[in-house]
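Engineer: Handing over start.json, JSON, C-alpha atoms.
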```
[["chain", "number", "residue", "atom", "x", "y", "z"],
["A", 20, "MET", "CA", 187.58, -139.10, 198.48],
["A", 21, "ASP", "CA", 188.38, -142.75, 198.86],
["A", 22, "SER", "CA", 184.96, -143.87, 197.65],
["A", 23, "PRO", "CA", 185.08, -146.17, 194.63],
["A", 24, "TYR", "CA", 184.45, -144.39, 191.35],
["A", 25, "TYR", "CA", 184.35, -145.19, 187.64],
["A", 26, "ASN", "CA", 187.27, -144.53, 185.34],
["A", 27, "PHE", "CA", 186.38, -141.78, 182.92],
["A", 28, "ASP", "CA", 187.55, -140.29, 179.65],
["A", 29, "ILE", "CA", 188.61, -136.65, 179.84],
["A", 30, "LEU", "CA", 187.33, -134.84, 176.76],
["A", 31, "GLU", "CA", 187.11, -131.32, 175.34],
["A", 32, "ASP", "CA", 189.80, -129.62, 177.49],
["A", 33, "ALA", "CA", 188.49, -131.31, 180.63],
["A", 34, "GLN", "CA", 185.04, -129.81, 180.20],
["A", 35, "ARG", "CA", 183.47, -133.15, 179.42],
["A", 36, "PHE", "CA", 183.90, -136.56, 181.06],
["A", 37, "ASN", "CA", 182.42, -139.82, 179.81],
["A", 38, "PHE", "CA", 182.12, -143.01, 181.81],
["A", 39, "ASP", "CA", 180.09, -146.21, 181.93],
["A", 40, "SER", "CA", 177.82, -147.00, 184.83],
["A", 41, "VAL", "CA", 177.97, -150.75, 185.40],
["A", 42, "GLY", "CA", 175.26, -152.23, 187.57],
["A", 43, "THR", "CA", 172.25, -154.47, 187.85],
["A", 44, "ASN", "CA", 170.72, -153.11, 184.62],
["A", 45, "GLY", "CA", 173.88, -153.48, 182.60],
["A", 46, "ILE", "CA", 176.20, -150.84, 181.17],
["A", 47, "ILE", "CA", 174.83, -147.31, 180.88],
["A", 48, "PRO", "CA", 177.06, -144.66, 179.26],
["A", 49, "LYS", "CA", 176.97, -141.33, 181.07],
["A", 50, "THR", "CA", 178.39, -137.91, 180.43],
["A", 51, "ILE", "CA", 179.37, -135.09, 182.77],
["A", 52, "ILE", "CA", 179.60, -131.65, 181.16],
["A", 53, "TYR", "CA", 180.99, -128.40, 182.59],
["A", 54, "SER", "CA", 179.70, -125.42, 180.61],
["A", 55, "LYS", "CA", 180.49, -121.73, 180.87],
["A", 56, "THR", "CA", 177.57, -119.64, 182.02],
["A", 57, "SER", "CA", 176.93, -115.96, 181.35],
["A", 58, "ILE", "CA", 178.69, -115.07, 184.61],
["A", 59, "GLN", "CA", 182.46, -114.94, 184.57],
["A", 60, "ASP", "CA", 184.18, -118.01, 186.05],
["A", 61, "TYR", "CA", 180.85, -119.69, 186.77],
["A", 62, "TYR", "CA", 180.35, -123.07, 185.14],
["A", 63, "ASN", "CA", 177.34, -125.34, 185.17],
["A", 64, "LEU", "CA", 177.77, -129.01, 185.94],
["A", 65, "ALA", "CA", 175.38, -131.36, 184.13],
["A", 66, "LEU", "CA", 175.07, -135.12, 184.25],
["A", 67, "GLY", "CA", 173.10, -137.09, 181.70],
["A", 68, "ASP", "CA", 172.55, -140.58, 180.35],
["A", 69, "ILE", "CA", 173.62, -141.23, 176.78],
["A", 70, "GLN", "CA", 170.81, -143.29, 175.28],
["A", 71, "PRO", "CA", 171.43, -146.05, 172.70],
["A", 72, "ASP", "CA", 170.20, -143.73, 169.94],
["A", 73, "GLY", "CA", 172.68, -141.03, 170.97],
["A", 74, "THR", "CA", 170.17, -138.74, 172.65],
["A", 75, "ILE", "CA", 170.79, -137.43, 176.14],
["A", 76, "ASP", "CA", 168.29, -138.01, 178.92],
["A", 77, "VAL", "CA", 168.56, -136.05, 182.16],
["A", 78, "PHE", "CA", 165.49, -137.58, 183.77],
["A", 79, "ALA", "CA", 166.37, -141.20, 183.04],
["A", 80, "LYS", "CA", 166.14, -143.47, 186.03],
["A", 81, "SER", "CA", 168.67, -146.12, 185.24],
["A", 82, "ASN", "CA", 168.17, -147.93, 188.57],
["A", 83, "ASN", "CA", 171.62, -149.41, 188.21],
["A", 84, "ASN", "CA", 172.15, -149.47, 191.97],
["A", 85, "ASP", "CA", 175.39, -147.55, 191.76],
["A", 86, "LEU", "CA", 174.35, -144.02, 192.66],
["A", 87, "GLU", "CA", 177.11, -143.48, 195.20],
["A", 88, "LYS", "CA", 179.73, -144.65, 192.73],
["A", 89, "ILE", "CA", 178.31, -142.33, 190.07],
["A", 90, "LEU", "CA", 178.37, -139.35, 192.40],
["A", 91, "ALA", "CA", 181.89, -140.26, 193.55],
["A", 92, "THR", "CA", 182.82, -140.19, 189.85],
["A", 93, "VAL", "CA", 181.29, -136.73, 189.52],
["A", 94, "ILE", "CA", 183.40, -135.57, 192.47],
["A", 95, "GLN", "CA", 186.52, -137.02, 190.86],
["A", 96, "SER", "CA", 185.68, -135.21, 187.62],
["A", 97, "LEU", "CA", 185.30, -132.03, 189.67],
["A", 98, "LEU", "CA", 188.82, -132.49, 191.03],
["A", 99, "VAL", "CA", 190.18, -132.78, 187.50],
["A", 100, "PHE", "CA", 188.08, -129.89, 186.22],
["A", 101, "LEU", "CA", 189.18, -127.57, 189.03],
["A", 102, "ALA", "CA", 192.80, -128.58, 188.51],
["A", 103, "TYR", "CA", 192.44, -127.37, 184.90],
["A", 104, "TYR", "CA", 190.35, -124.32, 185.84],
["A", 105, "PRO", "CA", 191.34, -123.32, 189.39],
["A", 106, "LYS", "CA", 189.35, -120.07, 189.30],
["A", 107, "ALA", "CA", 186.15, -121.80, 188.26],
["A", 108, "LYS", "CA", 183.06, -121.81, 190.39],
["A", 109, "VAL", "CA", 180.86, -124.78, 189.62],
["A", 110, "PHE", "CA", 177.11, -124.46, 189.96],
["A", 111, "PHE", "CA", 174.87, -127.48, 189.94],
["A", 112, "THR", "CA", 171.39, -128.53, 190.83],
["A", 113, "GLY", "CA", 169.41, -131.72, 190.30],
["A", 114, "SER", "CA", 167.16, -132.13, 187.27],
["A", 115, "THR", "CA", 164.35, -132.62, 189.79],
["A", 116, "THR", "CA", 163.81, -131.52, 193.38],
["A", 117, "ALA", "CA", 164.26, -135.12, 194.50],
["A", 118, "ARG", "CA", 167.63, -135.32, 192.76],
["A", 119, "THR", "CA", 168.78, -132.04, 194.26],
["A", 120, "ARG", "CA", 167.90, -133.52, 197.65],
["A", 121, "LEU", "CA", 169.84, -136.65, 196.77],
["A", 122, "TYR", "CA", 172.90, -134.60, 195.83],
["A", 123, "GLN", "CA", 172.59, -132.83, 199.15],
["A", 124, "ILE", "CA", 172.60, -136.12, 201.04],
["A", 125, "VAL", "CA", 175.73, -137.26, 199.21],
["A", 126, "LEU", "CA", 177.44, -133.89, 199.72],
["A", 127, "SER", "CA", 176.62, -134.10, 203.41],
["A", 128, "LYS", "CA", 178.31, -137.48, 203.57],
["A", 129, "GLU", "CA", 181.29, -136.41, 201.48],
["A", 130, "ILE", "CA", 181.86, -132.94, 202.86],
["A", 131, "ALA", "CA", 184.25, -134.02, 205.57],
["A", 132, "LYS", "CA", 186.47, -135.61, 202.93],
["A", 133, "VAL", "CA", 186.54, -132.59, 200.60],
["A", 134, "VAL", "CA", 186.39, -129.66, 203.00],
["A", 135, "ASN", "CA", 190.15, -129.09, 202.78],
["A", 136, "GLN", "CA", 190.06, -128.82, 199.00],
["A", 137, "PHE", "CA", 186.69, -127.29, 198.16],
["A", 138, "THR", "CA", 184.49, -124.52, 199.42],
["A", 139, "ILE", "CA", 180.85, -125.55, 199.17],
["A", 140, "TRP", "CA", 177.94, -123.13, 199.14],
["A", 141, "GLY", "CA", 174.24, -123.87, 199.27],
["A", 142, "LEU", "CA", 171.64, -121.76, 197.44],
["A", 143, "HIS", "CA", 168.71, -120.79, 199.63],
["A", 144, "ASN", "CA", 166.12, -118.11, 198.80],
["A", 145, "ASP", "CA", 168.37, -116.42, 196.21],
["A", 146, "TYR", "CA", 171.37, -116.25, 198.54],
["A", 147, "LEU", "CA", 174.45, -118.43, 198.75],
["A", 148, "GLU", "CA", 175.49, -119.53, 202.20],
["A", 149, "PRO", "CA", 178.12, -121.90, 203.57],
["A", 150, "PHE", "CA", 176.84, -125.43, 203.07],
["A", 151, "GLU", "CA", 175.27, -127.01, 206.12],
["A", 152, "PRO", "CA", 174.58, -130.73, 205.92],
["A", 153, "ASN", "CA", 171.09, -130.62, 207.42],
["A", 154, "LYS", "CA", 169.69, -127.70, 205.50],
["A", 155, "THR", "CA", 167.65, -127.90, 202.29],
["A", 156, "TYR", "CA", 169.08, -126.07, 199.27],
["A", 157, "GLU", "CA", 167.94, -125.39, 195.71],
["A", 158, "GLY", "CA", 171.43, -125.68, 194.26],
["A", 159, "PHE", "CA", 175.12, -125.67, 195.10],
["A", 160, "VAL", "CA", 178.32, -123.87, 194.16],
["A", 161, "ILE", "CA", 181.72, -125.48, 194.61],
["A", 162, "SER", "CA", 185.06, -123.76, 194.19],
["A", 163, "LYS", "CA", 188.63, -124.75, 194.86],
["A", 164, "LYS", "CA", 190.13, -123.50, 198.08],
["A", 165, "LYS", "CA", 193.22, -121.39, 197.65],
["A", 166, "SER", "CA", 196.23, -123.11, 199.13],
["A", 167, "ASN", "CA", 198.77, -121.21, 201.21],
["A", 168, "ILE", "CA", 201.40, -121.97, 198.59],
["A", 169, "GLU", "CA", 199.38, -120.28, 195.85],
["A", 170, "SER", "CA", 198.51, -117.15, 197.81],
["B", 23, "MET", "CA", 148.93, -139.88, 154.71],
["B", 24, "LYS", "CA", 149.43, -137.85, 151.52],
["B", 25, "THR", "CA", 148.34, -134.71, 153.29],
["B", 26, "LEU", "CA", 150.90, -135.25, 156.01],
["B", 27, "GLU", "CA", 153.66, -135.85, 153.46],
["B", 28, "LYS", "CA", 152.71, -132.71, 151.56],
["B", 29, "LYS", "CA", 152.93, -130.69, 154.71],
["B", 30, "GLY", "CA", 156.39, -132.05, 155.37],
["B", 31, "VAL", "CA", 155.48, -133.91, 158.54],
["B", 32, "ASN", "CA", 158.08, -136.53, 159.35],
["B", 33, "GLN", "CA", 156.00, -139.41, 160.61],
["B", 34, "ASN", "CA", 159.03, -141.47, 161.55],
["B", 35, "LYS", "CA", 160.29, -138.90, 164.00],
["B", 36, "GLN", "CA", 159.55, -139.98, 167.54],
["B", 37, "PRO", "CA", 158.39, -137.27, 169.89],
["B", 38, "LYS", "CA", 161.03, -136.52, 172.49],
["B", 39, "LYS", "CA", 160.29, -137.17, 176.13],
["B", 40, "MET", "CA", 160.65, -134.34, 178.58],
["B", 41, "GLY", "CA", 164.27, -134.12, 179.63],
["B", 42, "GLN", "CA", 165.49, -135.87, 176.49],
["B", 43, "PHE", "CA", 167.76, -134.07, 174.05],
["B", 44, "ALA", "CA", 168.68, -135.02, 170.52],
["B", 45, "THR", "CA", 172.25, -133.77, 170.73],
["B", 46, "ILE", "CA", 174.87, -132.85, 173.31],
["B", 47, "ASP", "CA", 174.63, -129.21, 172.17],
["B", 48, "GLU", "CA", 170.89, -129.16, 172.73],
["B", 49, "PHE", "CA", 171.41, -130.63, 176.18],
["B", 50, "VAL", "CA", 174.17, -128.17, 177.06],
["B", 51, "ASN", "CA", 172.20, -125.16, 175.79],
["B", 52, "TYR", "CA", 169.21, -126.17, 177.89],
["B", 53, "LYS", "CA", 171.33, -126.61, 181.01],
["B", 54, "ILE", "CA", 173.15, -123.29, 180.49],
["B", 55, "THR", "CA", 169.86, -121.45, 180.04],
["B", 56, "GLN", "CA", 168.55, -122.95, 183.26],
["B", 57, "ALA", "CA", 171.77, -122.14, 185.11],
["B", 58, "ASN", "CA", 171.86, -118.56, 183.81],
["B", 59, "LYS", "CA", 168.29, -118.02, 185.01],
["B", 60, "THR", "CA", 169.12, -119.29, 188.49],
["B", 61, "LEU", "CA", 172.48, -117.54, 188.76],
["B", 62, "SER", "CA", 171.00, -114.20, 187.68],
["B", 63, "LYS", "CA", 168.68, -114.30, 190.68],
["B", 64, "ILE", "CA", 171.43, -114.88, 193.24],
["B", 65, "LYS", "CA", 172.05, -111.69, 195.17],
["B", 66, "ASN", "CA", 175.46, -112.48, 196.66],
["B", 67, "LEU", "CA", 177.44, -114.28, 193.96],
["B", 68, "ASP", "CA", 180.50, -112.25, 194.90],
["B", 69, "ILE", "CA", 180.70, -114.13, 198.20],
["B", 70, "VAL", "CA", 182.38, -117.02, 196.37],
["B", 71, "SER", "CA", 186.04, -116.40, 195.74],
["B", 72, "GLY", "CA", 187.76, -118.44, 193.09]]
```
Rewrite the coordinates I just gave you, this time as structure tokens.

Structural biologist:
Amino acid sequence: MDSPYYNFDILEDAQRFNFDSVGTNGIIPKTIIYSKTSIQDYYNLALGDIQPDGTIDVFAKSNNNDLEKILATVIQSLLVFLAYYPKAKVFFTGSTTARTRLYQIVLSKEIAKVVNQFTIWGLHNDYLEPFEPNKTYEGFVISKKKSNIES
Amino acid sequence: MKTLEKKGVNQNKQPKKMGQFATIDEFVNYKITQANKTLSKIKNLDIVSG
């Protein structure tokens, strides 16, 4: 969790986080949104680019050469979100198969750093299973581990 | 041109690209719908304790 990340604004009861990606293509405002789903305690994590006209683009390729910093920022937002909502289970998947794969690569790299705080599940053929770094998944669920003090 | 105006077609409105949303709410609703579809298919959601 010591990877560099962007400072972000915490909005809407910590269900939305805004930050600026700063890279080779300039400053690109981004938003991370945690939304309740139809299943109790399950939230969806979404990341999008805020375009100059105010629209949101989930497929935008900003090519700002700061992907790792962006994803480290998402992980930091997750820490804050789960501090506010400790029972929440956060589901996320990439907007494309390639992005889901990219998230998996980053999770694989980061898992050792977060394994004490989060439980990470991978979605494979309609079943959740403990995340394994070298396996391909269609989506992910992250929840906060219960500490001994809480239980 | 007149025909289009009569029919109420807004010619200044740019068509949206796939994956582009006019508002945050539109974006969120789309993502929730997608998530609900996927989550409803998962057969062992109860494995995750919160």

Engineer: For chain A, list the residues within 8 Å of chain B, counting all atoms listed in the file, and write the list as a count of residues only.

Structural biologist: 28

Engineer: As JSON, what would the box around region 44-52 of chain B look like: edges along x, y and z, 8 Å added on every side, centre and edge lengths in Å to one decimal?

Structural biologist:
```
{"center_x": 171.8, "center_y": -130.1, "center_z": 174.2, "size_x": 22.2, "size_y": 25.9, "size_z": 23.4}
```

Engineer: For Pro71 (chain A), which of A:Leu98, A:Tyr53, A:Ile47, A:Val93 is the closest residue, counting all atoms listed in the file?

Structural biologist: A:Ile47

Engineer: Can you list, as a list of chain:residue names, every protein, DNA or RNA residue that comes within 10 Å of His143 (chain A) when you count only C-alpha atoms, leaving out same-chain residues fewer than 6 positions away?

Structural biologist: A:Phe150, A:Lys154, A:Thr155, A:Tyr156, A:Glu157, A:Gly158, A:Phe159, B:Ile64

Engineer: Can you measure CA of Ile139 (chain A) to CA of Ile161 (chain A) for me? One decimal in Å is fine.

Structural biologist: 4.6 Å

Engineer: CA of Asp68 (chain A) to CA of Ser40 (chain A): how many Å, to one decimal?

Structural biologist: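 Those two atoms sit 9.4 Å apart.
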
Engineer: Please determine, counting only C-alpha atoms, which residue among A:Phe137, A:Lys132, A:Leu126, A:Phe38 has the shortest atom-to-atom distance to Asn153 (chain A).

Structural biologist: A:Leu126
